[in-house]
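One structure below.
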2 protein chains.
Amino acid sequence: MNNYTKILLEEHEMPTQWYNIIPDLPEPPPPPLHPGTREVATADDLAPLFPKALIEQEMSAERYIDIPGPVLDVYRLWRPSPLYRARNLEKMLDTPAKIFFKYEGVSPAGSHKPNTAVPQVYYNALEGVKKLTTETGAGQWGSSLSFACAQFGLSCEVWQVAASFRAKPYRRTMMEIWGGKVYPSPSDRTEFGRSLLAQNPDHPGSLGIAISEAVSEAAADPDTRYALGSVLNHVLLHQTIIGEEALLQLAKVGETPDVLVGCTGGGSNFGGLAFPFLREKLAGRMNPTIRCVEPAACPTLTRGQYRYDFGDTAGLTPLMKMHTLGHDFIPDTIHAGGLRYHGMAPLVSHVYELGLAEAIAIPQMECFDAAVKFARCEGIVPAPEPTHAIAAAVREALACKESGEEKVILTALCGHGHLDLAAYDSYLHGTMSDTDVTEAEIAAAMATIPQ
Amino acid sequence: MNNYTKILLEEHEMPTQWYNIIPDLPEPPPPPLHPGTREVATADDLAPLFPKALIEQEMSAERYIDIPGPVLDVYRLWRPSPLYRARNLEKMLDTPAKIFFKYEGVSPAGSHKPNTAVPQVYYNALEGVKKLTTETGAGQWGSSLSFACAQFGLSCEVWQVAASFRAKPYRRTMMEIWGGKVYPSPSDRTEFGRSLLAQNPDHPGSLGIAISEAVSEAAADPDTRYALGSVLNHVLLHQTIIGEEALLQLAKVGETPDVLVGCTGGGSNFGGLAFPFLREKLAGRMNPTIRCVEPAACPTLTRGQYRYDFGDTAGLTPLMKMHTLGHDFIPDTIHAGGLRYHGMAPLVSHVYELGLAEAIAIPQMECFDAAVKFARCEGIVPAPEPTHAIAAAVREALACKESGEEKVILTALCGHGHLDLAAYDSYLHGTMSDTDVTEAEIAAAMATIPQ
């Protein structure tokens with residue numbers, strides 16, 4: 001046991017329930033509001049977009065929800081995922097700290113996203129839905145949903161931000177390998193898309209536009225629904241399998257974390273790792289510091305405001321109480337595309353507001369510096385998003401070197417960087433830089449939030 | 001046990017010895033010859049290029065060789081690798097056969113190559129070597145060696161075929177992340193390279209040229225050695241950990257293979273999987289059919305001749321008795337770059353010549369057709385090389401469907417295709433085709449082999 005590198009679980013040890021943190025919180029999170037009436041949104045409001053089972057999970061007060069057998073069967077293609085001890089990195093940093101990372105890059109799509117794509121597709125299939133639509137930026141979420149649709153025989157249509165569609169063809173190819181249909185957004189398939197193309201045939205698109213196209217296609221067809229890859233309660237719920245597995249794995253080696261750090265974009269990777277540990281903390285069984293790490297270019301928690309805002313740029317979604325920079329905020333084009341979201345999952349925002357989690361922001365040069373060190377030590381090349389988690393773990397480990405504390409640090413490496421090597425090329429060859437967000441930029445975007 | 005998808009080994013179950021098949025063969029393989037004297041090559045002939053420990057392994061008559069502790073420590077970053085049962089593929093093919101695949105794409109470099117890169121670097125480090133040179137085509141081998149050099153603190157210099165260096169920058173980036181220096185070949189760093197650039201400043205390069213540059217750099221510096229990623233006995237030896245693990249994993253579920261198929265380029269992935277099972281077959285403990293699968297565009301075993309030839313295009317290496325299409329043979333640019341080698345590992349050739357293994361050749365369209373089916377069923381996107389192994393497994397499974405036989409099929413998925421998505425794009429969008437090798441092409445290349 002002394003010389004382990006990986007801590008594995010057998011398939012039969014894989015958790016069979018997701019964990020819903022809401023009943024364990026000292027107070028419930030503020031509910032979403034209907035964008036027109038400003039009344040609390042109802043299940044009926046969401047029914048054109050999501051299947052009943054997912055709407056129930058979104059609003060559930062149950063502490064544990066069984067993972068259906070067919071979902072467990074697909075999870076077994078890559079789960080349980082390994083927990084690693086980063087011994088070489090510890091040695092290189094000369095720290096007394098122990099660094100553990102839960103690695104989600106072993107999934108077919110190379111990230112944590114299939115953890116929710118699979119159940120989302122399953123529940124849709126169960127209710128007779130034939131097709132799912134979604135949006136994607138670089139393609140992590142679109143490829144995960146395409147993979148999951150292939151598993152259950154659903155059609156999958158993905159609106160990919162046109163600039164990414166053109167500049168980064170490889171994730172598109174991945175979606176197509178799994179049978180997904182990929183359209184550049186804006187597309188000529190929706191009225192909204194056509195109106196934008198009429199103004200500018202070379203429109204670069206945006207996530208907000210792609211959401212509008214995917215949502216309008218789903219709403220128009222009774223056999224089609226829409227799927228979202230982060231932010232919502234049911235998405236974070238599905239991701240808790242990450243933290244539940246990590247708890248079992250740390251127990252196998254007799255460790256409990258003193259510090260847990262996770263990168264936050266929409267919040268699902270962070271929530272998935274942190275919530276099971278937060279349950280243990282609230283129950284007094286351990287006492288880890290829990291820390292969100294966001295990019296300095298999109299500092300939602302550290303510099304945004306906690307208020308009701310739209311989830312999308314066009315203002316079509318329910319209003320959600322969350323930390324936001326304003327739904328018109330356009331972050332700089334940092335390489336961590338998955339962290340470029342103006343808001344934060346309402347559940348993560350609520351937990352942060354309750355003082356149950358901290359937050360820091362790290363600029364991208366420090367993140368890639370840490371990631372290259374990590375890759376040379378541990379072999380794995382991280383995706384740009386978890387470079388933030390690694391940089392935060394390195395900061396903590398170096399603080400332990402100063403203080404002499406033998407802290408146990410836990411983080412999640414939520415994906416590999418095999419399809420993001422251009423970002424590393426930019427770092428290694430000196431064409432990467434840090435950007436700063438001015439107060440004026442934030443204030444301007446905040447001004448567009450409905451009062 | 002009934003519903004398993006993956007069969008895992010604990011770290012402490014990882015084999016601690018490599019298996020050398022030579023003492024178990026009915027007769028020893030013909031030795032390599034010095035290219036000048038045509039005498040049997042000696043250890044001294046190889047000393048300028050390789051460390052003593054590897055030369056000893058190359059010529060060893062020991063059945064088992066201990067894997068050094070520091071090599072096991074690095075192996076633990078990704079080993080033991082998983083053995084999967086391809087249940088979804090079986091269902092889709094409606095076959096009574098059981099299909100197992102050993103997955104080597106979990107290594108940091110994404111293929112089986114680090115299994116030999118790590119010990120090669122270790123033994124060089126032990127003998128005080130400071131720098132390793134090598135050649136690489138698309139970059140699988142170069143990235144594996146860069147990763148291994150980072151683990152033991154050696155410098156790594158890689159000559160990459162100039163056409164790949166320019167067209168496929170991402171594996172180069174991967175090498176650089178791990179600290180490797182990458183030069184396009186021909187380069188201005190060697191006399192041979194400069195002479196070629198003088199003739200053509202835009203020279204596209206070739207593997208043969210890159211080998212010559214890497215070898216000449218190593219031979220000129222007493223602190224530098226050269227490393228090769230396939231073909232040689234010691235490389236196949238290191239890869240036997242694949243088959244040794246697979247034996248243990250199949251035993252856990254009470255299965256023995258009826259058919260074993262592996263793709264063959266230089267022969268190290270095939271030998272690594274097959275030799276431990278061949279040992280069991282020779283000892284009468286099981287009786288699998290063992291089958292090599294090669295690309296129709298480079299049909300070394302099925303259409304080449306068994307005779308002494310050079311390992312490289314320039315004719316600098318020792319002469320090896322092997323199946324060859326002639327060292328001047330230039331295969332069509334199929335996507336499986338790792339299988340475009342004019343010869344075959346002398347050990348694999350010898351085993352084939354003894355009738356202990358069969359061989360078939362499959363055209364690339366059938367391979368990618370099988371790979372896309374596989375990806376939709378099992379999630380993993382295979383590298384172009386093991387698409388050949390998968391296509392052969394699919395052929396066998398469909399034959400079982402015809403005959404009703406419940407055969408156990410074992411193959412190796414020796415790498416993932418995350419950095420080869422352009423090949424899939426070409427397949428999915430109808431720009432891929434099959435090419436044929438004419439007898440005249442083979443005869444012309446064979447004519448250049450020294451008599």
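Letters for chains follow the order of the structure tokens (A, B, ...), residue numbers begin at 1 for each chain, and ligand numbers begin at 1 in the order shown.
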Based on DSSP run over this structure's backbone, return all residues of segment 15-230 of chain A in strand (DSSP E or B), as a ChimeraX atom specification. /A:17-19,33,40,64-66,83-85,98-103,111,131-136,155-161,181-185,224-226
Print the selection's residues with N, CA and C atoms to a file, as a short mmCIF file (atom, residue, chain, number, x, y, z; two decimals), in the first residue's frame.
```cif
data_model
loop_
_atom_site.label_atom_id
_atom_site.label_comp_id
_atom_site.auth_asym_id
_atom_site.auth_seq_id
_atom_site.Cartn_x
_atom_site.Cartn_y
_atom_site.Cartn_z
N GLN A 17 -25.70 5.41 -6.53
CA GLN A 17 -26.61 6.54 -6.32
C GLN A 17 -25.87 7.85 -6.54
N TRP A 18 -26.59 8.83 -7.09
CA TRP A 18 -26.06 10.19 -7.13
C TRP A 18 -26.47 10.89 -5.85
N TYR A 19 -25.72 11.91 -5.48
CA TYR A 19 -25.98 12.64 -4.23
C TYR A 19 -26.54 14.03 -4.54
N LEU A 33 -36.71 31.68 -11.91
CA LEU A 33 -37.93 32.45 -12.19
C LEU A 33 -38.25 32.40 -13.68
N VAL A 40 -41.97 31.99 -9.83
CA VAL A 40 -41.14 30.80 -9.72
C VAL A 40 -41.46 29.85 -10.89
N TYR A 64 -30.64 11.04 -2.04
CA TYR A 64 -29.95 10.12 -2.96
C TYR A 64 -30.90 9.69 -4.07
N ILE A 65 -30.38 9.59 -5.26
CA ILE A 65 -31.20 9.16 -6.41
C ILE A 65 -30.48 7.99 -7.07
N ASP A 66 -31.20 6.89 -7.24
CA ASP A 66 -30.60 5.68 -7.82
C ASP A 66 -30.14 5.93 -9.26
N LEU A 83 -8.14 7.37 -9.11
CA LEU A 83 -7.60 8.46 -8.28
C LEU A 83 -6.09 8.26 -8.23
N TYR A 84 -5.35 9.32 -8.54
CA TYR A 84 -3.89 9.23 -8.56
C TYR A 84 -3.29 10.02 -7.40
N ARG A 85 -2.19 9.53 -6.92
CA ARG A 85 -1.33 10.33 -6.04
C ARG A 85 -0.21 10.88 -6.91
N LYS A 98 0.51 15.96 0.44
CA LYS A 98 0.15 14.85 -0.45
C LYS A 98 -0.87 15.38 -1.45
N ILE A 99 -0.60 15.16 -2.74
CA ILE A 99 -1.50 15.67 -3.77
C ILE A 99 -2.21 14.50 -4.45
N PHE A 100 -3.52 14.49 -4.35
CA PHE A 100 -4.33 13.48 -5.03
C PHE A 100 -5.13 14.14 -6.14
N PHE A 101 -5.24 13.45 -7.29
CA PHE A 101 -6.14 13.98 -8.31
C PHE A 101 -7.01 12.87 -8.88
N LYS A 102 -8.28 13.20 -9.02
CA LYS A 102 -9.26 12.28 -9.62
C LYS A 102 -9.26 12.57 -11.11
N TYR A 103 -9.03 11.52 -11.92
CA TYR A 103 -8.82 11.74 -13.36
C TYR A 103 -10.03 11.30 -14.18
N SER A 111 -13.34 13.71 -21.00
CA SER A 111 -13.65 14.64 -19.91
C SER A 111 -14.74 14.06 -19.03
N LYS A 131 -34.68 12.49 -30.64
CA LYS A 131 -33.54 13.32 -31.04
C LYS A 131 -33.22 14.33 -29.95
N LEU A 132 -31.94 14.57 -29.73
CA LEU A 132 -31.52 15.62 -28.80
C LEU A 132 -30.74 16.68 -29.56
N THR A 133 -30.95 17.92 -29.15
CA THR A 133 -30.16 19.02 -29.71
C THR A 133 -29.35 19.63 -28.59
N THR A 134 -28.24 20.20 -28.96
CA THR A 134 -27.45 20.96 -27.99
C THR A 134 -26.53 21.93 -28.71
N GLU A 135 -25.89 22.75 -27.90
CA GLU A 135 -24.87 23.67 -28.43
C GLU A 135 -23.52 23.18 -27.94
N THR A 136 -22.47 23.60 -28.62
CA THR A 136 -21.13 23.33 -28.11
C THR A 136 -20.18 24.40 -28.59
N SER A 155 -30.82 10.20 -32.19
CA SER A 155 -30.13 11.14 -33.06
C SER A 155 -29.62 12.30 -32.22
N CYS A 156 -28.52 12.87 -32.67
CA CYS A 156 -27.92 13.99 -31.94
C CYS A 156 -27.56 15.09 -32.92
N GLU A 157 -28.05 16.30 -32.66
CA GLU A 157 -27.68 17.43 -33.51
C GLU A 157 -27.05 18.51 -32.65
N VAL A 158 -25.89 18.95 -33.11
CA VAL A 158 -25.08 19.87 -32.31
C VAL A 158 -24.85 21.16 -33.09
N TRP A 159 -25.21 22.27 -32.49
CA TRP A 159 -24.86 23.56 -33.07
C TRP A 159 -23.54 24.01 -32.46
N GLN A 160 -22.53 24.06 -33.31
CA GLN A 160 -21.20 24.42 -32.81
C GLN A 160 -20.88 25.86 -33.25
N VAL A 161 -20.40 26.64 -32.30
CA VAL A 161 -20.00 28.03 -32.58
C VAL A 161 -19.17 28.05 -33.87
N LYS A 181 -24.68 14.88 -35.78
CA LYS A 181 -24.68 15.84 -36.89
C LYS A 181 -24.28 17.19 -36.33
N VAL A 182 -23.36 17.84 -36.98
CA VAL A 182 -22.82 19.08 -36.45
C VAL A 182 -23.07 20.20 -37.44
N TYR A 183 -23.70 21.30 -36.97
CA TYR A 183 -23.93 22.47 -37.81
C TYR A 183 -23.14 23.64 -37.24
N PRO A 184 -22.55 24.43 -38.13
CA PRO A 184 -21.96 25.67 -37.64
C PRO A 184 -23.08 26.62 -37.24
N SER A 185 -22.89 27.33 -36.13
CA SER A 185 -23.91 28.29 -35.68
C SER A 185 -23.34 29.70 -35.76
N THR A 224 -38.33 15.83 -30.04
CA THR A 224 -36.97 16.32 -29.81
C THR A 224 -36.91 17.07 -28.48
N ARG A 225 -35.82 16.88 -27.75
CA ARG A 225 -35.59 17.66 -26.54
C ARG A 225 -34.20 18.28 -26.63
N TYR A 226 -33.90 19.07 -25.61
CA TYR A 226 -32.65 19.82 -25.56
C TYR A 226 -31.83 19.31 -24.37
#
```
Residues of chain B within 9 Å of chain A, counting only C-alpha atoms, as a PyMOL selection string: chain B and resi 1+3-8+10-12+73-74+76-78+84+88+106-109+147-148+150-151+169-174+176-179+372-373+375-381+418-422+424-425+428
Let's have the selection written as a short mmCIF file (atom, residue, chain, number, x, y, z; two decimals), in the first residue's frame, with N, CA and C atoms.
```cif
data_model
loop_
_atom_site.label_atom_id
_atom_site.label_comp_id
_atom_site.auth_asym_id
_atom_site.auth_seq_id
_atom_site.Cartn_x
_atom_site.Cartn_y
_atom_site.Cartn_z
N MET B 1 -19.46 -11.08 -11.38
CA MET B 1 -18.49 -11.38 -12.45
C MET B 1 -19.18 -11.43 -13.82
N ASN B 3 -21.33 -9.52 -15.22
CA ASN B 3 -21.66 -8.29 -15.93
C ASN B 3 -20.47 -7.35 -16.10
N TYR B 4 -19.24 -7.89 -15.95
CA TYR B 4 -18.07 -7.02 -16.04
C TYR B 4 -17.90 -6.45 -17.45
N THR B 5 -17.30 -5.28 -17.52
CA THR B 5 -16.91 -4.69 -18.80
C THR B 5 -15.39 -4.64 -18.88
N LYS B 6 -14.78 -4.18 -17.78
CA LYS B 6 -13.31 -4.11 -17.72
C LYS B 6 -12.80 -5.17 -16.74
N ILE B 7 -11.64 -5.70 -17.05
CA ILE B 7 -10.97 -6.59 -16.11
C ILE B 7 -9.67 -5.89 -15.72
N LEU B 8 -9.60 -5.50 -14.46
CA LEU B 8 -8.46 -4.71 -13.98
C LEU B 8 -7.53 -5.57 -13.14
N GLU B 10 -4.76 -5.05 -9.87
CA GLU B 10 -4.21 -4.13 -8.89
C GLU B 10 -2.74 -3.87 -9.25
N GLU B 11 -2.21 -2.76 -8.74
CA GLU B 11 -0.80 -2.46 -9.03
C GLU B 11 0.11 -3.59 -8.60
N HIS B 12 -0.20 -4.21 -7.45
CA HIS B 12 0.71 -5.25 -6.94
C HIS B 12 0.61 -6.54 -7.78
N ASP B 73 8.05 1.67 -11.26
CA ASP B 73 7.45 2.89 -10.70
C ASP B 73 6.83 3.76 -11.79
N VAL B 74 7.53 3.90 -12.91
CA VAL B 74 6.97 4.72 -14.00
C VAL B 74 5.81 3.99 -14.67
N ARG B 76 3.68 2.31 -13.34
CA ARG B 76 2.48 2.47 -12.49
C ARG B 76 1.70 3.74 -12.80
N LEU B 77 2.30 4.67 -13.52
CA LEU B 77 1.52 5.86 -13.90
C LEU B 77 0.32 5.45 -14.76
N TRP B 78 0.41 4.35 -15.49
CA TRP B 78 -0.74 3.92 -16.30
C TRP B 78 -0.98 2.41 -16.29
N TYR B 84 -10.61 -5.12 -21.76
CA TYR B 84 -12.04 -4.89 -21.92
C TYR B 84 -12.71 -6.07 -22.62
N ASN B 88 -20.74 -4.48 -26.28
CA ASN B 88 -21.64 -3.76 -27.19
C ASN B 88 -21.35 -4.13 -28.64
N VAL B 106 -4.16 4.07 -22.65
CA VAL B 106 -4.17 4.76 -21.35
C VAL B 106 -2.80 5.32 -20.96
N SER B 107 -1.76 5.01 -21.72
CA SER B 107 -0.44 5.55 -21.38
C SER B 107 -0.41 7.05 -21.67
N PRO B 108 0.53 7.77 -21.03
CA PRO B 108 0.59 9.23 -21.26
C PRO B 108 0.70 9.59 -22.74
N ALA B 109 1.48 8.82 -23.50
CA ALA B 109 1.64 9.14 -24.92
C ALA B 109 0.48 8.57 -25.75
N PHE B 147 8.56 11.66 -23.23
CA PHE B 147 7.95 11.43 -21.92
C PHE B 147 8.90 10.66 -21.01
N ALA B 148 9.48 9.57 -21.53
CA ALA B 148 10.36 8.73 -20.71
C ALA B 148 11.61 9.51 -20.29
N ALA B 150 11.83 12.67 -19.76
CA ALA B 150 11.43 13.60 -18.69
C ALA B 150 11.41 12.89 -17.34
N GLN B 151 11.07 11.61 -17.35
CA GLN B 151 10.99 10.87 -16.09
C GLN B 151 12.36 10.63 -15.47
N PRO B 169 1.44 19.48 -36.45
CA PRO B 169 2.23 20.08 -35.36
C PRO B 169 1.88 19.56 -33.97
N TYR B 170 0.79 18.81 -33.81
CA TYR B 170 0.32 18.55 -32.45
C TYR B 170 1.16 17.53 -31.70
N ARG B 171 1.60 16.49 -32.38
CA ARG B 171 2.48 15.57 -31.64
C ARG B 171 3.81 16.23 -31.34
N ARG B 172 4.24 17.12 -32.20
CA ARG B 172 5.45 17.88 -31.89
C ARG B 172 5.25 18.67 -30.60
N THR B 173 4.08 19.30 -30.48
CA THR B 173 3.78 20.03 -29.25
C THR B 173 3.83 19.10 -28.04
N MET B 174 3.28 17.90 -28.20
CA MET B 174 3.30 16.92 -27.11
C MET B 174 4.76 16.62 -26.71
N GLU B 176 7.28 18.52 -27.05
CA GLU B 176 7.84 19.71 -26.40
C GLU B 176 7.30 19.89 -24.98
N ILE B 177 6.04 19.54 -24.76
CA ILE B 177 5.49 19.61 -23.40
C ILE B 177 6.35 18.77 -22.46
N TRP B 178 6.78 17.60 -22.95
CA TRP B 178 7.61 16.72 -22.11
C TRP B 178 9.09 17.08 -22.19
N GLY B 179 9.42 18.18 -22.85
CA GLY B 179 10.80 18.66 -22.84
C GLY B 179 11.65 18.21 -24.01
N VAL B 372 -15.10 2.71 -36.80
CA VAL B 372 -16.23 3.59 -36.49
C VAL B 372 -17.32 2.80 -35.78
N LYS B 373 -17.59 1.58 -36.26
CA LYS B 373 -18.54 0.71 -35.55
C LYS B 373 -18.08 0.51 -34.10
N ALA B 375 -16.10 2.39 -32.26
CA ALA B 375 -16.19 3.62 -31.46
C ALA B 375 -17.63 3.88 -31.02
N ARG B 376 -18.59 3.62 -31.90
CA ARG B 376 -19.99 3.85 -31.52
C ARG B 376 -20.44 2.85 -30.46
N CYS B 377 -19.87 1.66 -30.46
CA CYS B 377 -20.24 0.65 -29.47
C CYS B 377 -19.48 0.82 -28.16
N GLU B 378 -18.17 0.94 -28.27
CA GLU B 378 -17.32 0.85 -27.08
C GLU B 378 -16.79 2.20 -26.61
N GLY B 379 -17.05 3.26 -27.38
CA GLY B 379 -16.66 4.60 -26.96
C GLY B 379 -15.28 5.02 -27.42
N ILE B 380 -14.31 4.12 -27.32
CA ILE B 380 -12.92 4.49 -27.62
C ILE B 380 -12.71 4.66 -29.12
N VAL B 381 -12.04 5.76 -29.49
CA VAL B 381 -11.68 6.00 -30.89
C VAL B 381 -10.28 5.45 -31.11
N HIS B 418 -6.89 10.11 -30.79
CA HIS B 418 -7.20 11.52 -30.57
C HIS B 418 -6.38 12.46 -31.44
N LEU B 419 -5.18 12.01 -31.80
CA LEU B 419 -4.33 12.87 -32.61
C LEU B 419 -4.36 12.44 -34.09
N ASP B 420 -5.30 11.59 -34.41
CA ASP B 420 -5.41 11.07 -35.79
C ASP B 420 -6.82 11.29 -36.33
N LEU B 421 -7.49 12.33 -35.85
CA LEU B 421 -8.89 12.50 -36.24
C LEU B 421 -9.02 12.91 -37.70
N ALA B 422 -7.97 13.48 -38.28
CA ALA B 422 -8.03 13.83 -39.70
C ALA B 422 -8.26 12.59 -40.55
N TYR B 424 -10.06 9.97 -39.69
CA TYR B 424 -11.49 9.66 -39.61
C TYR B 424 -12.30 10.66 -40.44
N ASP B 425 -11.88 11.92 -40.42
CA ASP B 425 -12.57 12.92 -41.22
C ASP B 425 -12.54 12.51 -42.69
N LEU B 428 -14.98 9.56 -43.13
CA LEU B 428 -16.40 9.91 -43.00
C LEU B 428 -16.88 10.79 -44.15
#
```
If we count only C-alpha atoms, what is near Thr324 of chain A at a cut-off of 12 Å, once residues fewer than 6 positions away on the same chain are taken out, given as number ranges by chain? A: 265-266, 298-312, 330, 340-346, 348-349, 442-443, 445-449
For atom CA of Asp258 of chain A and atom CA of Leu237 of chain A, the interatomic separation in Å (one decimal): 23.4 Å
Choose the residue, out of A:Ala314, A:Cys414, A:Leu46, A:Val121, that has the smallest atom-to-atom separation from Gln140 of chain A; count only C-alpha atoms. A:Cys414
Would you mind listing what lies within 9 Å of Glu396 of chain A as number ranges by chain, with only C-alpha atoms counted and same-chain residues fewer than 5 positions away left out? A: 97, 259, 391, 401, 407, 409
Nearby residues (only C-alpha atoms) at most 10 Å from Pro386 of chain B, same-chain spacing under 5 positions excluded, as a PyMOL selection string: chain B and resi 262-264+269+293-294+336+338-339+367-368+371+391-392+411-417
Include all heavy atoms and write out the residues we just selected as a short mmCIF file (atom, residue, chain, number, x, y, z; two decimals), in the first residue's frame.
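To be explicit, this is the file written out as selection.cif:
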```
data_model
loop_
_atom_site.label_atom_id
_atom_site.label_comp_id
_atom_site.auth_asym_id
_atom_site.auth_seq_id
_atom_site.Cartn_x
_atom_site.Cartn_y
_atom_site.Cartn_z
N GLY B 262 -3.36 -9.38 -33.87
CA GLY B 262 -2.66 -8.14 -33.54
C GLY B 262 -2.15 -7.49 -34.80
O GLY B 262 -1.79 -8.18 -35.76
N CYS B 263 -2.11 -6.15 -34.81
CA CYS B 263 -1.61 -5.47 -36.00
C CYS B 263 -0.09 -5.48 -35.99
O CYS B 263 0.55 -5.42 -34.93
CB CYS B 263 -2.17 -4.05 -36.10
SG CYS B 263 -1.71 -2.96 -34.74
N THR B 264 0.49 -5.56 -37.18
CA THR B 264 1.95 -5.62 -37.29
C THR B 264 2.47 -4.52 -38.21
O THR B 264 2.04 -4.38 -39.36
CB THR B 264 2.42 -6.98 -37.86
OG1 THR B 264 1.61 -7.29 -39.00
CG2 THR B 264 2.30 -8.07 -36.83
N ASN B 269 4.11 -4.32 -31.02
CA ASN B 269 2.81 -4.46 -30.37
C ASN B 269 2.32 -5.89 -30.49
O ASN B 269 1.86 -6.49 -29.52
CB ASN B 269 1.82 -3.48 -31.01
CG ASN B 269 0.38 -3.88 -30.82
OD1 ASN B 269 -0.12 -3.89 -29.71
ND2 ASN B 269 -0.27 -4.24 -31.92
N VAL B 293 -1.95 -9.05 -38.48
CA VAL B 293 -2.76 -8.28 -39.43
C VAL B 293 -1.96 -7.11 -39.92
O VAL B 293 -1.52 -6.27 -39.13
CB VAL B 293 -4.07 -7.76 -38.78
CG1 VAL B 293 -5.00 -7.23 -39.85
CG2 VAL B 293 -4.74 -8.86 -37.96
N GLU B 294 -1.75 -7.04 -41.21
CA GLU B 294 -0.95 -5.95 -41.75
C GLU B 294 -1.78 -5.17 -42.76
O GLU B 294 -2.79 -5.66 -43.27
CB GLU B 294 0.34 -6.48 -42.37
CG GLU B 294 0.15 -7.54 -43.45
CD GLU B 294 1.49 -8.18 -43.86
OE1 GLU B 294 2.47 -8.08 -43.10
OE2 GLU B 294 1.55 -8.75 -44.95
N ALA B 336 -2.34 4.76 -41.25
CA ALA B 336 -1.66 3.99 -40.21
C ALA B 336 -0.15 4.11 -40.43
O ALA B 336 0.52 3.16 -40.83
CB ALA B 336 -2.11 2.54 -40.25
N GLY B 338 2.28 4.09 -38.50
CA GLY B 338 3.09 3.16 -37.72
C GLY B 338 3.22 1.78 -38.35
O GLY B 338 4.02 0.97 -37.91
N LEU B 339 2.41 1.51 -39.38
CA LEU B 339 2.50 0.20 -40.05
C LEU B 339 3.22 0.30 -41.39
O LEU B 339 3.32 -0.67 -42.12
CB LEU B 339 1.10 -0.40 -40.26
CG LEU B 339 0.22 -0.53 -39.01
CD1 LEU B 339 -1.09 -1.26 -39.34
CD2 LEU B 339 0.94 -1.25 -37.89
N CYS B 367 -10.82 -1.26 -42.47
CA CYS B 367 -10.32 -0.99 -41.11
C CYS B 367 -11.07 0.17 -40.47
O CYS B 367 -11.49 0.09 -39.31
CB CYS B 367 -8.82 -0.70 -41.15
SG CYS B 367 -7.85 -2.11 -41.71
N PHE B 368 -11.24 1.27 -41.21
CA PHE B 368 -11.93 2.42 -40.64
C PHE B 368 -13.43 2.15 -40.47
O PHE B 368 -14.06 2.66 -39.54
CB PHE B 368 -11.65 3.68 -41.46
CG PHE B 368 -10.36 4.33 -41.06
CD1 PHE B 368 -9.16 3.96 -41.66
CD2 PHE B 368 -10.32 5.27 -40.05
CE1 PHE B 368 -7.95 4.53 -41.28
CE2 PHE B 368 -9.12 5.85 -39.65
CZ PHE B 368 -7.94 5.48 -40.26
N ALA B 371 -13.56 0.43 -37.31
CA ALA B 371 -13.20 1.31 -36.19
C ALA B 371 -14.35 2.24 -35.82
O ALA B 371 -14.57 2.52 -34.63
CB ALA B 371 -11.96 2.12 -36.55
N ALA B 391 -10.55 -4.67 -37.28
CA ALA B 391 -11.19 -5.22 -38.49
C ALA B 391 -11.01 -6.74 -38.54
O ALA B 391 -11.94 -7.47 -38.93
CB ALA B 391 -10.59 -4.57 -39.74
N ALA B 392 -9.85 -7.22 -38.14
CA ALA B 392 -9.62 -8.67 -38.14
C ALA B 392 -10.48 -9.35 -37.08
O ALA B 392 -11.00 -10.46 -37.30
CB ALA B 392 -8.14 -8.97 -37.89
N THR B 411 -7.60 -9.29 -28.80
CA THR B 411 -6.78 -8.41 -29.61
C THR B 411 -6.24 -7.28 -28.74
O THR B 411 -6.59 -7.16 -27.57
CB THR B 411 -7.54 -7.87 -30.83
OG1 THR B 411 -6.60 -7.23 -31.72
CG2 THR B 411 -8.61 -6.86 -30.43
N ALA B 412 -5.34 -6.48 -29.32
CA ALA B 412 -4.78 -5.34 -28.60
C ALA B 412 -5.18 -4.06 -29.30
O ALA B 412 -5.01 -3.93 -30.52
CB ALA B 412 -3.26 -5.44 -28.52
N LEU B 413 -5.74 -3.13 -28.54
CA LEU B 413 -5.99 -1.78 -29.05
C LEU B 413 -4.80 -0.96 -28.57
O LEU B 413 -4.78 -0.47 -27.44
CB LEU B 413 -7.32 -1.28 -28.47
CG LEU B 413 -7.85 0.05 -28.96
CD1 LEU B 413 -7.84 0.11 -30.48
CD2 LEU B 413 -9.27 0.25 -28.46
N CYS B 414 -3.79 -0.85 -29.45
CA CYS B 414 -2.48 -0.38 -28.97
C CYS B 414 -2.39 1.13 -28.83
O CYS B 414 -1.37 1.64 -28.37
CB CYS B 414 -1.36 -0.92 -29.85
SG CYS B 414 -1.48 -0.44 -31.57
N GLY B 415 -3.47 1.87 -29.20
CA GLY B 415 -3.42 3.32 -29.00
C GLY B 415 -4.74 3.98 -29.35
O GLY B 415 -5.54 3.42 -30.10
N HIS B 416 -4.95 5.18 -28.81
CA HIS B 416 -6.16 5.94 -29.16
C HIS B 416 -5.89 6.83 -30.37
O HIS B 416 -4.74 7.07 -30.72
CB HIS B 416 -6.69 6.73 -27.97
CG HIS B 416 -5.77 7.83 -27.50
ND1 HIS B 416 -5.40 8.90 -28.28
CD2 HIS B 416 -5.14 8.01 -26.32
CE1 HIS B 416 -4.61 9.69 -27.61
NE2 HIS B 416 -4.41 9.16 -26.41
N GLY B 417 -6.97 7.31 -30.96
CA GLY B 417 -6.86 8.08 -32.20
C GLY B 417 -7.08 9.57 -32.03
O GLY B 417 -7.39 10.26 -33.00
#
```
